[in-house]
Each structure stands twice: as C-alpha cells, then as structure tokens.
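> Input structure: coords08.tsv, which contains TSV, C-alpha atoms.
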chain	number	residue	atom	x	y	z
M	1	MET	CA	0.00	0.00	0.00
M	2	GLU	CA	1.20	3.50	-0.85
M	3	TYR	CA	0.79	6.43	1.53
M	4	GLY	CA	0.93	10.17	1.29
M	5	LEU	CA	2.78	11.82	4.18
M	6	VAL	CA	1.73	15.18	5.64
M	7	LEU	CA	4.22	16.94	7.90
M	8	GLY	CA	2.97	19.71	10.15
M	9	GLY	CA	4.79	22.82	11.28
M	10	GLY	CA	6.26	23.43	14.70
M	11	GLY	CA	9.72	24.97	14.51
M	12	ALA	CA	12.33	23.10	16.54
M	13	MET	CA	9.78	20.39	17.29
M	14	GLY	CA	10.31	19.26	13.69
M	15	SER	CA	13.03	16.88	14.87
M	16	TYR	CA	10.15	14.60	15.89
M	17	GLU	CA	9.30	14.12	12.21
M	18	ILE	CA	12.74	12.64	11.56
M	19	GLY	CA	11.96	9.98	14.15
M	20	VAL	CA	8.69	9.29	12.34
M	21	TRP	CA	10.64	8.90	9.12
M	22	LYS	CA	13.05	6.49	10.81
M	23	ALA	CA	10.17	4.24	11.86
M	24	LEU	CA	8.45	4.41	8.46
M	25	ARG	CA	11.70	3.30	6.83
M	26	GLU	CA	12.04	0.35	9.19
M	27	LEU	CA	8.41	-0.62	8.61
M	28	ASN	CA	8.96	-0.47	4.83
M	29	ILE	CA	5.99	1.85	4.43
M	30	ASN	CA	5.97	3.21	0.89
M	31	ILE	CA	5.64	7.00	0.84
M	32	CYS	CA	4.59	8.21	-2.61
M	33	ALA	CA	3.82	11.86	-1.85
M	34	ILE	CA	4.69	14.47	0.77
M	35	ALA	CA	3.06	17.75	1.73
M	36	GLY	CA	4.52	19.99	4.40
M	37	THR	CA	4.11	23.27	6.17
M	38	SER	CA	6.96	25.29	7.68
M	39	VAL	CA	9.52	22.91	9.21
M	40	GLY	CA	7.42	20.10	7.76
M	41	ALA	CA	8.19	21.46	4.29
M	42	LEU	CA	11.91	21.49	5.09
M	43	ASN	CA	11.84	17.94	6.43
M	44	GLY	CA	9.70	16.88	3.49
M	45	ALA	CA	12.34	18.06	1.05
M	46	MET	CA	14.97	15.96	2.83
M	47	ILE	CA	12.68	12.92	2.73
M	48	ILE	CA	12.04	13.33	-0.99
M	49	GLN	CA	15.83	13.42	-1.46
M	50	GLY	CA	16.21	10.28	0.63
M	51	ASP	CA	18.92	11.90	2.76
M	52	PHE	CA	18.02	10.19	6.04
M	53	GLU	CA	21.50	10.06	7.57
M	54	ARG	CA	22.15	13.70	6.68
M	55	ALA	CA	18.80	14.78	8.12
M	56	VAL	CA	19.58	13.02	11.41
M	57	GLU	CA	23.05	14.56	11.50
M	58	LEU	CA	21.67	18.05	10.90
M	59	TRP	CA	19.03	17.79	13.60
M	60	GLU	CA	21.30	16.14	16.17
M	61	ASN	CA	23.75	19.01	15.82
M	62	ILE	CA	21.24	21.85	15.47
M	63	THR	CA	21.76	25.15	17.26
M	64	LEU	CA	19.84	28.40	17.14
M	65	ASP	CA	22.60	30.24	15.30
M	66	GLN	CA	22.14	27.85	12.36
M	67	ILE	CA	18.61	29.19	11.95
M	68	ILE	CA	18.82	32.91	12.70
M	69	ASP	CA	21.54	35.54	12.85
M	70	ILE	CA	22.30	35.75	16.56
M	71	ASP	CA	22.94	39.11	18.16
M	72	SER	CA	26.22	39.50	20.10
M	73	ARG	CA	24.17	40.01	23.26
M	74	LEU	CA	23.03	36.39	23.06
M	75	LEU	CA	26.52	35.18	22.26
M	76	ASN	CA	28.01	37.07	25.18
M	77	LYS	CA	25.39	35.71	27.56
M	78	GLY	CA	25.99	32.16	26.35
M	79	LEU	CA	22.36	31.72	25.40
M	80	LEU	CA	22.82	29.75	22.20
M	81	LYS	CA	22.17	26.57	24.15
M	82	TRP	CA	18.63	26.80	25.45
M	83	LYS	CA	18.22	26.76	29.21
M	84	LYS	CA	14.91	27.29	30.98
M	85	GLU	CA	16.53	29.43	33.66
M	86	ASP	CA	17.68	31.86	30.96
M	87	PHE	CA	14.20	32.34	29.52
M	88	SER	CA	13.46	35.79	31.00
M	89	LEU	CA	16.67	37.28	29.60
M	90	PHE	CA	16.22	35.51	26.28
M	91	PHE	CA	12.64	36.79	26.03
M	92	ALA	CA	13.66	40.40	26.73
M	93	LEU	CA	16.30	40.31	23.98
M	94	PHE	CA	13.89	38.42	21.77
M	95	MET	CA	11.36	41.26	21.97
M	96	ASP	CA	14.06	43.80	21.12
M	97	PHE	CA	14.79	41.93	17.88
M	98	ILE	CA	11.09	41.81	16.98
M	99	LYS	CA	10.85	45.58	17.36
M	100	GLU	CA	13.83	45.87	15.01
M	101	GLY	CA	12.00	43.95	12.27
M	102	GLY	CA	12.55	40.34	13.25
M	103	PHE	CA	15.35	37.82	13.13
M	104	ASP	CA	17.50	37.52	10.01
M	105	THR	CA	17.23	34.00	8.54
M	106	ARG	CA	20.34	34.10	6.36
M	107	PRO	CA	21.85	31.23	8.38
M	108	LEU	CA	18.79	29.10	7.58
M	109	ARG	CA	19.10	29.95	3.89
M	110	LYS	CA	22.76	28.93	3.96
M	111	LEU	CA	21.87	25.66	5.68
M	112	LEU	CA	19.20	24.88	3.08
M	113	GLU	CA	21.34	25.87	0.11
M	114	GLU	CA	24.03	23.48	1.33
M	115	ASN	CA	21.64	20.56	1.85
M	116	ILE	CA	18.58	20.85	-0.39
M	117	LYS	CA	19.13	19.22	-3.77
M	118	GLU	CA	16.51	20.80	-5.98
M	119	ASP	CA	17.34	18.71	-9.06
M	120	ILE	CA	16.85	15.46	-7.15
M	121	ILE	CA	13.54	16.66	-5.72
M	122	ARG	CA	12.28	17.70	-9.15
M	123	SER	CA	13.28	14.40	-10.73
M	124	SER	CA	11.72	12.29	-7.98
M	125	ASN	CA	8.65	10.20	-8.75
M	126	LYS	CA	7.21	11.32	-5.41
M	127	GLU	CA	4.78	14.24	-5.31
M	128	PHE	CA	5.96	17.19	-3.21
M	129	ALA	CA	3.88	20.15	-2.08
M	130	ILE	CA	4.17	23.01	0.38
M	131	ASN	CA	2.10	25.97	1.48
M	132	THR	CA	2.76	29.52	2.60
M	133	TYR	CA	0.74	32.70	2.98
M	134	SER	CA	1.05	35.83	0.85
M	135	ILE	CA	0.98	38.91	3.06
M	136	THR	CA	1.01	41.08	-0.05
M	137	ASP	CA	-2.09	39.50	-1.60
M	138	ARG	CA	-3.64	38.35	1.68
M	139	GLU	CA	-4.21	34.83	0.45
M	140	PRO	CA	-2.88	31.31	1.05
M	141	ILE	CA	-0.46	29.91	-1.48
M	142	GLU	CA	-0.41	26.17	-2.17
M	143	LEU	CA	2.39	24.97	-4.41
M	144	TYR	CA	3.28	21.65	-5.96
M	145	ILE	CA	6.88	21.20	-7.05
M	146	ASP	CA	6.09	21.79	-10.73
M	147	GLN	CA	4.57	25.18	-9.81
M	148	ILE	CA	7.72	26.43	-8.08
M	149	PRO	CA	10.07	28.24	-10.50
M	150	LYS	CA	13.35	26.42	-11.05
M	151	GLY	CA	16.07	27.69	-8.77
M	152	LYS	CA	13.55	29.06	-6.27
M	153	LEU	CA	12.80	26.00	-4.15
M	154	VAL	CA	14.91	27.13	-1.18
M	155	SER	CA	13.28	30.58	-1.28
M	156	TYR	CA	9.80	29.05	-1.16
M	157	LEU	CA	10.79	26.66	1.62
M	158	ILE	CA	11.90	29.69	3.64
M	159	ALA	CA	8.61	31.42	2.78
M	160	SER	CA	6.71	28.40	4.09
M	161	ALA	CA	8.72	28.54	7.32
M	162	CYS	CA	8.73	32.31	7.85
M	163	LEU	CA	7.52	32.76	11.41
M	164	PRO	CA	6.31	36.26	12.37
M	165	ILE	CA	9.43	36.65	14.53
M	166	PHE	CA	11.60	36.40	11.39
M	167	LYS	CA	12.32	39.10	8.86
M	168	THR	CA	9.68	38.83	6.15
M	169	ALA	CA	10.42	36.41	3.32
M	170	GLU	CA	10.12	38.14	-0.05
M	171	ILE	CA	10.10	36.63	-3.55
M	172	SER	CA	9.55	38.77	-6.66
M	173	ASN	CA	8.20	41.67	-4.54
M	174	ILE	CA	5.67	39.44	-2.78
M	175	LYS	CA	5.99	39.04	0.99
M	176	TYR	CA	5.23	35.73	2.66
M	177	LEU	CA	4.33	34.41	6.11
M	178	ASP	CA	4.64	30.92	7.57
M	179	GLY	CA	2.09	28.59	5.96
M	180	GLY	CA	1.08	27.28	9.36
M	181	PHE	CA	-0.98	30.40	9.91
M	182	TYR	CA	-3.35	29.20	7.19
M	183	ASP	CA	-3.10	25.42	7.44
M	184	ASN	CA	-0.49	23.85	9.69
M	185	VAL	CA	-1.32	20.29	8.65
M	186	PRO	CA	-2.00	20.54	4.89
M	187	ILE	CA	-3.80	17.26	4.27
M	188	ASN	CA	-5.85	18.88	1.51
M	189	LEU	CA	-2.73	19.30	-0.62
M	190	LEU	CA	-2.60	15.53	-1.03
M	191	ALA	CA	-6.33	14.83	-0.82
M	192	LYS	CA	-6.92	17.11	-3.81
M	193	LYS	CA	-4.46	14.99	-5.78
M	194	GLY	CA	-6.49	11.87	-5.08
M	195	TYR	CA	-4.46	10.30	-2.29
M	196	LYS	CA	-6.73	8.24	-0.03
M	197	ASN	CA	-4.16	6.71	2.33
M	198	ILE	CA	-2.50	9.50	4.27
M	199	ILE	CA	-0.23	9.61	7.33
M	200	SER	CA	-0.45	12.96	9.09
M	201	VAL	CA	2.15	14.13	11.63
M	202	GLU	CA	1.05	16.87	14.05
M	203	LEU	CA	3.64	18.63	16.19
M	204	LEU	CA	1.46	21.16	17.99
M	205	THR	CA	-1.27	20.35	20.51
M	206	LYS	CA	-3.42	23.03	18.88
M	207	ASN	CA	-3.22	23.48	15.13
M	208	ILE	CA	-4.76	25.78	12.56
M	209	LYS	CA	-6.23	23.16	10.24
M	210	ARG	CA	-8.49	23.59	7.23
M	211	PRO	CA	-11.52	21.28	6.96
M	212	LEU	CA	-10.98	18.40	4.57
M	213	GLU	CA	-12.23	19.35	1.12
M	214	ILE	CA	-12.16	15.77	-0.16
M	215	ASP	CA	-12.80	12.56	1.75
M	216	VAL	CA	-9.73	10.59	2.84
M	217	SER	CA	-10.68	6.98	3.42
M	218	ASN	CA	-7.62	6.04	5.47
M	219	LEU	CA	-6.17	8.85	7.58
M	220	ILE	CA	-3.57	7.88	10.18
M	221	THR	CA	-2.58	10.64	12.61
M	222	ILE	CA	0.67	10.56	14.55
M	223	LYS	CA	0.95	12.88	17.55
M	224	SER	CA	3.58	13.20	20.22
M	225	SER	CA	2.97	11.31	23.45
M	226	ALA	CA	5.17	13.76	25.40
M	227	ASN	CA	6.30	17.38	25.38
M	228	LEU	CA	8.48	18.30	22.39
M	229	GLY	CA	9.93	21.49	23.82
M	230	GLY	CA	9.63	25.02	22.50
M	231	LEU	CA	9.16	26.42	19.02
M	232	MET	CA	12.66	27.91	19.07
M	233	GLU	CA	14.36	25.27	21.22
M	234	PHE	CA	16.99	24.33	18.66
M	235	ASP	CA	19.15	22.16	20.89
M	236	PRO	CA	20.97	18.89	20.06
M	237	ASP	CA	19.85	17.07	23.21
M	238	ARG	CA	16.23	18.05	22.71
M	239	ALA	CA	16.40	17.06	19.03
M	240	LYS	CA	17.81	13.62	19.86
M	241	ALA	CA	15.04	13.04	22.41
M	242	ASN	CA	12.37	14.15	19.93
M	243	ILE	CA	13.72	11.88	17.19
M	244	GLU	CA	13.54	8.91	19.54
M	245	LEU	CA	10.03	9.89	20.62
M	246	GLY	CA	8.84	10.23	17.02
M	247	TYR	CA	10.29	6.82	16.26
M	248	LEU	CA	8.56	5.12	19.19
M	249	ASP	CA	5.23	6.91	18.71
M	250	THR	CA	5.15	5.81	15.07
M	251	LEU	CA	5.87	2.19	15.96
M	252	LYS	CA	3.05	2.35	18.52
M	253	THR	CA	0.70	3.90	15.97
M	254	PHE	CA	1.34	0.96	13.65
M	255	LYS	CA	1.06	-1.41	16.63
M	256	MET	CA	4.65	-2.61	16.41
M	257	LEU	CA	5.34	-2.00	20.11
Would you write out, as structure tokens, the structure that this file holds?


Amino acid sequence: MEYGLVLGGGGAMGSYEIGVWKALRELNINICAIAGTSVGALNGAMIIQGDFERAVELWENITLDQIIDIDSRLLNKGLLKWKKEDFSLFFALFMDFIKEGGFDTRPLRKLLEENIKEDIIRSSNKEFAINTYSITDREPIELYIDQIPKGKLVSYLIASACLPIFKTAEISNIKYLDGGFYDNVPINLLAKKGYKNIISVELLTKNIKRPLEIDVSNLITIKSSANLGGLMEFDPDRAKANIELGYLDTLKTFKML
C-alpha cells in the first residue's frame, strides 16, 4: 500500500518528524507523496531526497545560530544553548529583535542551500507540495513542485517557514508568512491529488487546520505522546530526544510496540 505523508509545522519540534521517518523506513511503508508546512516542508524536502543520515546529522547538531543571525548580546550571555533558567533574559532580547523587524534567517538559507538538492527533488517520482501565505495578496499559497520556478525552491521553503518573529520572506516583490498560519497540517494538498491513504504528523497540541475538502478513506494521525519542547528550542539534546520519541510513537501507531 502506498501512503501520502503530511508533515505539520512546529519549529524546533520538527526533529520529531525525523523519528517518524526512521520508523516508516524500518516498517517499509511506501511513501509516494509528501506535503509539508513550515519545518514540515523542510523535512519533506529531505525525505524526498532520501537523505536520512544527513537529516539526522543536521538535527542532532542543530543550534539556534544555524537558523537565525544571533545578536552578540546572546553570544556574550551564552544563550545559544537553550536553558529554561535563561528564559526571561532571552525573552527580553527576543522582543528587542522583533521591534527591530525580526530575526534575520540568512543562516537558515545557507543551511538549506548546502543541503537541499533541488534537481533530485524535481526528478523524484514522489509528489511534493508546500504551502505559505502571501501577506502582499492576503491569500494562502499552495504549491506543488512543478509550480515552483526552477532555482527558487529554497526561497519558497523559507517562505513556508517564515515565522512572524523572522524578517519577512520576499520573492519577486511578494511578501510571505509561515504557511502554518493558514493550514499547519495541509492534508488537503494531497487529498486534492487523489491520495486516499495518508499519514499525518502533528507537532502542535493546537493546530490551525483547514476542513478536509475531499474525503480521505484512510487517515492515520501521529501525535507526540510527550512534550516536544519550544518552538525555538533548537538544541541537540532536545532534538535527539524528539527523534527517539517520534520513532517510538510511530511504531506504537502501527502497533509494532
């Protein structure tokens, strides 16, 4: 049986989805299509490429400065490694950056440009789709890989993952916001293509989800059985724990534990 895979958004919690992928590989579940929002779009691109080992390596070594340009105040305070006791200071600096227009995501772009292989994704026989939201036109944008201009995949992945705390993503004079603010679990992207067997991965306890436009006869939902940490908790130890949790939760979902 072939399945479509839908990967929800959730920032640093996205490491959980790599654990899901690990279990699906071991279970020999055939994934024929992927739709993702935000970090789910980024993980989806890695899955389409088949770069499992690289995805694990990236997540298990992730730090906040690989995602956003970190101010020297954070560096000097040693706040790159998330600690709960540092939250009040982090939050105060965090709000300063928001007032200045948001965090610069050039480090994330660099990370994606080094690891996303657009040619492989385009030549894959697996469907790939993402969503984002156009601030300029005030409308959701749903894109399948053949609708994304060549050479622009990384830019649209960043647009899909552009949280309000980041500097606005802009492509061809159009500004974009994280797709999760329209539909954080974009099942419809695959349902509209006729996929009836879909595995949906939800990272957040409360999601913005659009009603299903087309019936899905076999929808399997995987949710975390424990806390996944914070949206911006890009920390190697947390990522490793989330990967293991995603792996175990998926095995339980398919009744293999």

> Find the residues near Pro186 (chain M): any atom within 7 Å, counting all atoms listed in the file, skip ones fewer than 2 places away on the same chain, and give them as a list in words.

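Returned residues: Val6, Ala35, Gly36, Thr37, Asp183, Asn184, Asn188 and Leu189 of chain M.
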
> So which residues touch region 53-64 of chain M within 8 Å, counting only C-alpha atoms, skipping near sequence neighbours fewer than 4 positions away, as a count of residues only?

16

> Identify which of the residues M:Ser224, M:Tyr182, M:Phe103, M:Ile243 lies closest to Asn207 (chain M), counting only C-alpha atoms when measuring atom-to-atom distances.

M:Tyr182

> May I have the residues within 6 Å of Ile67 (chain M) as a PyMOL selection string, using all atoms listed in the file and disregarding those fewer than 2 positions away in the same chain?

chain M and resi 64-65+107-108

> Report, in Å to a single decimal, how far apart CA of Gly9 (chain M) and CA of Leu204 (chain M) are.

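Here the two named atoms are 7.7 Å from each other.
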
> Set the distance at 6 Å and use all atoms listed in the file: which residues neighbour Cys162 (chain M) once local chain neighbours fewer than 4 positions away are removed? I'd like the list as JSON, numbers by chain.

{"M": [158, 177, 178]}

> Have a look at CA of Glu127 (chain M) and CA of Leu251 (chain M) and let me know their distance in Å, one decimal.

24.5 Å

> Could you write out as lines of an AutoDock Vina configuration file the box around region 229-243 of chain M (axis-aligned, all atoms listed in the file, 3 Å on each side), with centre and edge lengths in Å to one decimal?


center_x = 15.1
center_y = 19.9
center_z = 20.5
size_x = 17.8
size_y = 22.0
size_z = 12.6

> Hey, what's within 8 Å of Ala33 (chain M) if we count all atoms listed in the file and toss same-chain stuff fewer than 6 positions away? As an mmCIF file with C-alpha atoms, keeping the file's coordinate frame, please?


data_model
loop_
_atom_site.group_PDB
_atom_site.id
_atom_site.type_symbol
_atom_site.label_atom_id
_atom_site.label_comp_id
_atom_site.auth_asym_id
_atom_site.auth_seq_id
_atom_site.Cartn_x
_atom_site.Cartn_y
_atom_site.Cartn_z
ATOM 1 C CA TYR M 3 0.790 6.430 1.530
ATOM 2 C CA GLY M 4 0.930 10.170 1.290
ATOM 3 C CA LEU M 5 2.780 11.820 4.180
ATOM 4 C CA LYS M 126 7.210 11.320 -5.410
ATOM 5 C CA GLU M 127 4.780 14.240 -5.310
ATOM 6 C CA PHE M 128 5.960 17.190 -3.210
ATOM 7 C CA LEU M 190 -2.600 15.530 -1.030
#

> For a test of reading the model, state the distance in Å between CA of Leu7 (chain M) and CA of Glu26 (chain M), rounded to one decimal.

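Interatomic distance, CA of Leu7 (chain M) to CA of Glu26 (chain M): 18.4 Å.
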
> Tell me which of M:Asp51, M:Ala169, M:Gly246, M:Lys110 sits closest to Leu203 (chain M), counting all atoms listed in the file.

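The closest residue to Leu203 (chain M) is M:Gly246.
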
> Given only C-alpha atoms as the basis, pick out the residue of M:Glu2, M:Tyr16, M:Arg109, M:Asn197 nearest to Asn227 (chain M).

M:Tyr16

> Hey, which of M:Lys223, M:Lys117, M:Arg138, M:Phe181 ends up closest to Lys150 (chain M)? Count only C-alpha atoms.

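Under the stated criterion, the closest residue is M:Lys117.
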
> Can you work out which one of M:Val39, M:Gly229, M:Gly101, M:Ser172 has the shortest atom-to-atom distance to Pro149 (chain M), counting all atoms listed in the file?

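Answer, going by the shortest atom-to-atom distance: M:Ser172.
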